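Below you'll find the structure, written out as structure tokens, and then a few comments.
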Amino acid sequence: MDGRRRPPHVQGAWLTFAPASDGEFLQLFRRTAVGSLDDETRRNIAVKGAEATARGEMDFYLGCPGRREWWRVAHTSDGQVVGLALPSATPYARNVGYLGVVPEFRGHGYVDDLLTEITLIHAESGAELITATTDTGNAPMAAAFARAGYRTSETRMLYSAPVT
């Protein structure tokens, strides 16, 4: 393909996935953190703010065994940024590292397109196993994993004290 994927939910539209600079990814980590349904992201924003939360995410994923050149930014056919897709890895398996849709494009099904892009990048580079995690309270992300054919293999419970 030529970098474009047709979102099944938007008739005639195309998303383009392309590499971007660290600065662009940092800005997108910041933008997608606002209003996130991810519990840890919400806690971090409450304690550290959006900028420090974004920097922490960026630093974390740069330190993962995944390849930086896998990272992609998604754009609409008219050049608007939809979100970011970060295929990543652990020492044990490839994974859906991070995906986020910017607030103005949430609720339009683009999460499926970002997840598909991450899955394709891993599959095209030979991954035999792709893992993913989400909070049990993040129903839209859990539903996207189910629609894409990911299956639940385990549940991990994390307990923490309330933020004061």
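Letters A, B, ... go to the chains of the structure tokens in the order shown; residues in each chain start at 1; ligands are counted from 1 in the same order.
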
Exercise: A:Thr155 partners within 12 Å, only C-alpha atoms, chain neighbours under 2 positions left out, as a PyMOL selection string: chain A and resi 132-136+151-153+157-158

Written file, previous selection with N, CA and C atoms, as an mmCIF file, in the first residue's frame:
```cif
data_model
loop_
_atom_site.group_PDB
_atom_site.id
_atom_site.type_symbol
_atom_site.label_atom_id
_atom_site.label_comp_id
_atom_site.auth_asym_id
_atom_site.auth_seq_id
_atom_site.Cartn_x
_atom_site.Cartn_y
_atom_site.Cartn_z
ATOM 1 N N ALA A 132 -1.465 -6.723 24.131
ATOM 2 C CA ALA A 132 -2.036 -5.399 24.368
ATOM 3 C C ALA A 132 -2.671 -5.386 25.747
ATOM 4 N N THR A 133 -2.760 -4.199 26.334
ATOM 5 C CA THR A 133 -3.420 -4.050 27.630
ATOM 6 C C THR A 133 -4.283 -2.791 27.612
ATOM 7 N N THR A 134 -5.307 -2.806 28.453
ATOM 8 C CA THR A 134 -6.104 -1.615 28.695
ATOM 9 C C THR A 134 -6.755 -1.743 30.056
ATOM 10 N N ASP A 135 -7.202 -0.627 30.589
ATOM 11 C CA ASP A 135 -7.933 -0.635 31.855
ATOM 12 C C ASP A 135 -9.300 -1.263 31.642
ATOM 13 N N THR A 136 -9.800 -1.940 32.669
ATOM 14 C CA THR A 136 -11.145 -2.508 32.552
ATOM 15 C C THR A 136 -12.186 -1.411 32.402
ATOM 16 N N ARG A 151 -7.861 -11.263 21.895
ATOM 17 C CA ARG A 151 -8.645 -11.972 22.905
ATOM 18 C C ARG A 151 -8.034 -11.751 24.281
ATOM 19 N N THR A 152 -8.878 -11.779 25.286
ATOM 20 C CA THR A 152 -8.414 -11.608 26.660
ATOM 21 C C THR A 152 -7.781 -12.906 27.123
ATOM 22 N N SER A 153 -6.526 -12.832 27.540
ATOM 23 C CA SER A 153 -5.829 -14.020 28.019
ATOM 24 C C SER A 153 -5.555 -13.954 29.519
ATOM 25 N N MET A 157 -4.961 -7.036 38.169
ATOM 26 C CA MET A 157 -5.574 -6.032 39.050
ATOM 27 C C MET A 157 -4.487 -5.207 39.709
ATOM 28 N N LEU A 158 -4.598 -3.903 39.574
ATOM 29 C CA LEU A 158 -3.683 -2.973 40.233
ATOM 30 C C LEU A 158 -4.468 -2.175 41.255
#
```

Residues of stretch 14-33 of chain A within 10 Å of stretch 65-70 of chain A: nearest atom pair and distance (Å, one decimal) for each, counting only C-alpha atoms, sorted by chain and number, as CSV?
```
residue,atom,partner,partner_atom,distance
A:Ala18,CA,A:Trp70,CA,9.5
A:Pro19,CA,A:Glu69,CA,7.1
A:Ala20,CA,A:Glu69,CA,9.1
A:Asp22,CA,A:Arg68,CA,9.6
```

DSSP-assigned strand (DSSP E or B) among chain A, expressed as a PyMOL selection string: chain A and resi 4-5+15-18+72-75+81-89+94-101+130-131

Computed interatomic separation between atom CA of A:Gly137 and atom CA of A:Ile118 (Å): 22.1 Å

Who sits within 12 Å of stretch 138-148 of chain A, only C-alpha atoms, same chain under 3 positions skipped, as a ChimeraX atom specification: /A:35-42,96,98-101,106-120,130-135,151-153

Of the listed residues A:Arg156, A:Arg55, A:Arg30, A:His122, that which approaches A:Leu86 most closely, counting only C-alpha atoms: A:His122

Top pick for closest residue to A:Gly97, considering A:Glu57, A:Glu124, A:Ser77, A:Thr16 and counting only C-alpha atoms: A:Glu57

Which residues in chain A does DSSP call helix (DSSP H, G or I)? List them as a CSV table (one decimal) with N, CA, C and O atoms, in the first residue's frame.
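After the write, part07.csv holds the following:
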```csv
chain,number,residue,atom,x,y,z
A,22,ASP,N,10.2,13.6,17.2
A,22,ASP,CA,10.0,13.4,18.6
A,22,ASP,C,9.1,14.6,19.1
A,22,ASP,O,8.2,14.4,19.9
A,23,GLY,N,9.4,15.8,18.6
A,23,GLY,CA,8.6,17.0,19.1
A,23,GLY,C,7.1,16.8,18.7
A,23,GLY,O,6.2,17.1,19.5
A,24,GLU,N,6.8,16.3,17.5
A,24,GLU,CA,5.5,16.1,17.1
A,24,GLU,C,4.8,15.0,18.0
A,24,GLU,O,3.6,15.1,18.4
A,25,PHE,N,5.5,13.9,18.2
A,25,PHE,CA,5.0,12.9,19.1
A,25,PHE,C,4.8,13.4,20.5
A,25,PHE,O,3.7,13.1,21.1
A,26,LEU,N,5.7,14.2,21.0
A,26,LEU,CA,5.5,14.7,22.4
A,26,LEU,C,4.2,15.6,22.4
A,26,LEU,O,3.4,15.5,23.4
A,27,GLN,N,4.0,16.4,21.4
A,27,GLN,CA,2.8,17.2,21.4
A,27,GLN,C,1.5,16.3,21.3
A,27,GLN,O,0.5,16.6,22.0
A,28,LEU,N,1.6,15.2,20.6
A,28,LEU,CA,0.4,14.3,20.5
A,28,LEU,C,0.2,13.5,21.8
A,28,LEU,O,-0.9,13.3,22.1
A,29,PHE,N,1.3,13.2,22.4
A,29,PHE,CA,1.1,12.5,23.8
A,29,PHE,C,0.4,13.5,24.7
A,29,PHE,O,-0.5,13.1,25.4
A,30,ARG,N,0.7,14.8,24.6
A,30,ARG,CA,0.1,15.8,25.4
A,30,ARG,C,-1.4,16.0,25.1
A,30,ARG,O,-2.3,16.0,25.9
A,31,ARG,N,-1.7,16.1,23.8
A,31,ARG,CA,-3.1,16.3,23.3
A,31,ARG,C,-4.0,15.1,23.6
A,31,ARG,O,-5.1,15.2,24.0
A,32,THR,N,-3.4,13.9,23.4
A,32,THR,CA,-4.3,12.7,23.6
A,32,THR,C,-4.5,12.4,25.1
A,32,THR,O,-5.4,11.7,25.4
A,33,ALA,N,-3.6,12.9,25.9
A,33,ALA,CA,-3.7,12.6,27.4
A,33,ALA,C,-5.0,13.3,27.9
A,33,ALA,O,-5.6,12.9,28.8
A,39,ASP,N,-6.7,5.1,33.2
A,39,ASP,CA,-6.6,5.5,34.6
A,39,ASP,C,-5.3,6.1,35.0
A,39,ASP,O,-5.2,7.1,35.7
A,40,GLU,N,-4.2,5.4,34.6
A,40,GLU,CA,-2.9,5.9,34.9
A,40,GLU,C,-2.6,7.3,34.4
A,40,GLU,O,-2.1,8.2,35.0
A,41,THR,N,-3.0,7.5,33.1
A,41,THR,CA,-2.9,8.8,32.5
A,41,THR,C,-3.6,9.9,33.3
A,41,THR,O,-3.1,11.0,33.5
A,42,ARG,N,-4.8,9.6,33.6
A,42,ARG,CA,-5.7,10.6,34.4
A,42,ARG,C,-5.0,10.9,35.7
A,42,ARG,O,-5.0,12.0,36.1
A,43,ARG,N,-4.5,9.9,36.4
A,43,ARG,CA,-3.8,10.1,37.7
A,43,ARG,C,-2.6,10.9,37.5
A,43,ARG,O,-2.4,11.9,38.3
A,44,ASN,N,-1.8,10.6,36.5
A,44,ASN,CA,-0.6,11.4,36.3
A,44,ASN,C,-0.9,12.8,35.9
A,44,ASN,O,-0.2,13.7,36.4
A,45,ILE,N,-1.9,13.1,35.1
A,45,ILE,CA,-2.3,14.5,34.8
A,45,ILE,C,-2.7,15.2,36.1
A,45,ILE,O,-2.3,16.4,36.3
A,46,ALA,N,-3.4,14.6,36.9
A,46,ALA,CA,-3.9,15.2,38.2
A,46,ALA,C,-2.7,15.5,39.1
A,46,ALA,O,-2.7,16.6,39.8
A,47,VAL,N,-1.7,14.7,39.1
A,47,VAL,CA,-0.5,14.9,40.0
A,47,VAL,C,0.6,15.8,39.4
A,47,VAL,O,1.1,16.7,40.0
A,48,LYS,N,0.9,15.5,38.1
A,48,LYS,CA,2.1,16.1,37.4
A,48,LYS,C,1.7,17.1,36.4
A,48,LYS,O,2.6,17.9,35.9
A,50,ALA,N,-0.3,17.8,32.4
A,50,ALA,CA,-0.2,17.2,31.0
A,50,ALA,C,1.2,17.2,30.4
A,50,ALA,O,1.6,16.2,29.8
A,51,GLU,N,2.0,18.2,30.6
A,51,GLU,CA,3.3,18.3,30.0
A,51,GLU,C,4.2,17.2,30.6
A,51,GLU,O,4.9,16.5,29.8
A,52,ALA,N,4.3,17.1,31.9
A,52,ALA,CA,5.1,16.1,32.5
A,52,ALA,C,4.6,14.7,32.2
A,52,ALA,O,5.4,13.7,32.0
A,53,THR,N,3.3,14.5,32.1
A,53,THR,CA,2.7,13.2,31.8
A,53,THR,C,3.2,12.8,30.4
A,53,THR,O,3.6,11.7,30.1
A,54,ALA,N,3.1,13.8,29.4
A,54,ALA,CA,3.5,13.5,28.0
A,54,ALA,C,4.9,13.1,28.0
A,54,ALA,O,5.3,12.2,27.3
A,55,ARG,N,5.8,13.9,28.7
A,55,ARG,CA,7.2,13.6,28.7
A,55,ARG,C,7.5,12.3,29.2
A,55,ARG,O,8.3,11.5,28.7
A,56,GLY,N,6.8,11.9,30.3
A,56,GLY,CA,7.0,10.6,30.9
A,56,GLY,C,6.6,9.4,29.9
A,56,GLY,O,7.4,8.4,29.8
A,57,GLU,N,5.5,9.6,29.2
A,57,GLU,CA,5.1,8.6,28.2
A,57,GLU,C,6.2,8.5,27.1
A,57,GLU,O,6.6,7.4,26.7
A,58,MET,N,6.6,9.6,26.6
A,58,MET,CA,7.6,9.7,25.5
A,58,MET,C,8.9,9.0,26.0
A,58,MET,O,9.4,8.1,25.3
A,59,ASP,N,9.4,9.3,27.1
A,59,ASP,CA,10.6,8.7,27.7
A,59,ASP,C,10.4,7.2,27.8
A,59,ASP,O,11.3,6.4,27.5
A,60,PHE,N,9.3,6.8,28.4
A,60,PHE,CA,9.0,5.4,28.6
A,60,PHE,C,9.1,4.6,27.3
A,60,PHE,O,9.8,3.6,27.2
A,61,TYR,N,8.4,5.1,26.2
A,61,TYR,CA,8.4,4.3,25.0
A,61,TYR,C,9.7,4.4,24.2
A,61,TYR,O,10.0,3.5,23.5
A,62,LEU,N,10.4,5.5,24.4
A,62,LEU,CA,11.7,5.6,23.8
A,62,LEU,C,12.7,4.5,24.4
A,62,LEU,O,13.6,4.0,23.8
A,68,ARG,N,11.8,2.7,17.3
A,68,ARG,CA,11.3,4.1,17.1
A,68,ARG,C,10.7,4.3,15.7
A,68,ARG,O,9.7,5.0,15.5
A,69,GLU,N,11.3,3.7,14.7
A,69,GLU,CA,10.9,3.9,13.3
A,69,GLU,C,9.5,3.3,13.1
A,69,GLU,O,8.9,3.5,12.0
A,70,TRP,N,8.9,2.5,14.0
A,70,TRP,CA,7.6,1.9,13.8
A,70,TRP,C,6.5,3.0,14.1
A,70,TRP,O,5.4,2.8,13.7
A,103,PRO,N,-8.7,14.7,20.9
A,103,PRO,CA,-10.1,14.9,21.4
A,103,PRO,C,-11.1,15.3,20.3
A,103,PRO,O,-12.2,14.7,20.3
A,104,GLU,N,-10.7,16.1,19.4
A,104,GLU,CA,-11.7,16.5,18.4
A,104,GLU,C,-12.1,15.4,17.4
A,104,GLU,O,-13.1,15.5,16.7
A,105,PHE,N,-11.4,14.3,17.4
A,105,PHE,CA,-11.7,13.1,16.5
A,105,PHE,C,-12.2,11.9,17.3
A,105,PHE,O,-12.4,10.9,16.6
A,110,TYR,N,-11.9,6.0,14.9
A,110,TYR,CA,-10.6,6.0,14.4
A,110,TYR,C,-9.7,5.1,15.3
A,110,TYR,O,-8.6,4.7,14.8
A,111,VAL,N,-10.1,4.8,16.5
A,111,VAL,CA,-9.3,3.9,17.3
A,111,VAL,C,-9.1,2.6,16.6
A,111,VAL,O,-8.0,2.0,16.6
A,112,ASP,N,-10.1,2.1,15.8
A,112,ASP,CA,-9.9,0.9,15.0
A,112,ASP,C,-8.8,1.0,14.0
A,112,ASP,O,-8.1,0.1,13.7
A,113,ASP,N,-8.8,2.2,13.3
A,113,ASP,CA,-7.8,2.4,12.3
A,113,ASP,C,-6.4,2.4,12.9
A,113,ASP,O,-5.4,1.9,12.3
A,114,LEU,N,-6.2,3.1,14.0
A,114,LEU,CA,-4.9,3.2,14.7
A,114,LEU,C,-4.5,1.8,15.1
A,114,LEU,O,-3.3,1.4,15.0
A,115,LEU,N,-5.4,1.0,15.7
A,115,LEU,CA,-5.1,-0.3,16.1
A,115,LEU,C,-4.7,-1.2,15.0
A,115,LEU,O,-3.8,-2.0,15.0
A,116,THR,N,-5.4,-1.1,13.9
A,116,THR,CA,-5.1,-1.8,12.7
A,116,THR,C,-3.7,-1.5,12.2
A,116,THR,O,-3.0,-2.4,11.8
A,117,GLU,N,-3.4,-0.2,12.2
A,117,GLU,CA,-2.0,0.2,11.7
A,117,GLU,C,-0.9,-0.5,12.6
A,117,GLU,O,0.1,-1.0,12.1
A,118,ILE,N,-1.1,-0.4,13.9
A,118,ILE,CA,-0.1,-1.0,14.8
A,118,ILE,C,0.0,-2.5,14.5
A,118,ILE,O,1.1,-3.1,14.4
A,119,THR,N,-1.2,-3.2,14.4
A,119,THR,CA,-1.2,-4.6,14.1
A,119,THR,C,-0.5,-4.9,12.8
A,119,THR,O,0.3,-5.9,12.7
A,120,LEU,N,-0.8,-4.2,11.7
A,120,LEU,CA,-0.1,-4.4,10.4
A,120,LEU,C,1.4,-4.2,10.5
A,120,LEU,O,2.1,-5.0,9.9
A,121,ILE,N,1.8,-3.2,11.2
A,121,ILE,CA,3.3,-2.9,11.3
A,121,ILE,C,4.0,-4.1,11.9
A,121,ILE,O,5.0,-4.6,11.4
A,122,HIS,N,3.4,-4.6,13.0
A,122,HIS,CA,4.0,-5.8,13.6
A,122,HIS,C,3.9,-7.0,12.7
A,122,HIS,O,4.9,-7.8,12.6
A,123,ALA,N,2.7,-7.3,12.1
A,123,ALA,CA,2.6,-8.5,11.3
A,123,ALA,C,3.5,-8.4,10.1
A,123,ALA,O,4.1,-9.4,9.7
A,124,GLU,N,3.6,-7.2,9.4
A,124,GLU,CA,4.5,-7.1,8.3
A,124,GLU,C,6.0,-7.2,8.6
A,124,GLU,O,6.8,-7.5,7.7
A,139,ALA,N,-13.8,1.1,28.3
A,139,ALA,CA,-14.6,0.2,27.5
A,139,ALA,C,-14.4,0.4,26.0
A,139,ALA,O,-14.4,-0.5,25.2
A,140,PRO,N,-14.2,1.7,25.5
A,140,PRO,CA,-14.0,1.8,24.1
A,140,PRO,C,-12.7,1.1,23.6
A,140,PRO,O,-12.7,0.5,22.5
A,141,MET,N,-11.7,1.2,24.4
A,141,MET,CA,-10.4,0.5,23.9
A,141,MET,C,-10.6,-1.0,24.0
A,141,MET,O,-10.2,-1.7,23.1
A,142,ALA,N,-11.2,-1.5,25.1
A,142,ALA,CA,-11.5,-2.9,25.2
A,142,ALA,C,-12.3,-3.4,24.0
A,142,ALA,O,-12.1,-4.5,23.4
A,143,ALA,N,-13.3,-2.6,23.6
A,143,ALA,CA,-14.2,-3.0,22.5
A,143,ALA,C,-13.4,-3.0,21.2
A,143,ALA,O,-13.6,-3.9,20.3
A,144,ALA,N,-12.5,-2.0,21.0
A,144,ALA,CA,-11.7,-2.0,19.8
A,144,ALA,C,-10.8,-3.2,19.7
A,144,ALA,O,-10.6,-3.8,18.6
A,145,PHE,N,-10.2,-3.6,20.8
A,145,PHE,CA,-9.4,-4.9,20.8
A,145,PHE,C,-10.2,-6.1,20.4
A,145,PHE,O,-9.8,-6.9,19.6
A,146,ALA,N,-11.4,-6.2,21.0
A,146,ALA,CA,-12.3,-7.3,20.6
A,146,ALA,C,-12.7,-7.2,19.1
A,146,ALA,O,-12.7,-8.3,18.5
A,147,ARG,N,-13.0,-6.1,18.6
A,147,ARG,CA,-13.4,-6.0,17.2
A,147,ARG,C,-12.2,-6.4,16.3
A,147,ARG,O,-12.4,-6.9,15.2
```

Length of the atom CA of A:Cys64 to atom CA of A:Ser88 vector [Å]: 7.0 Å
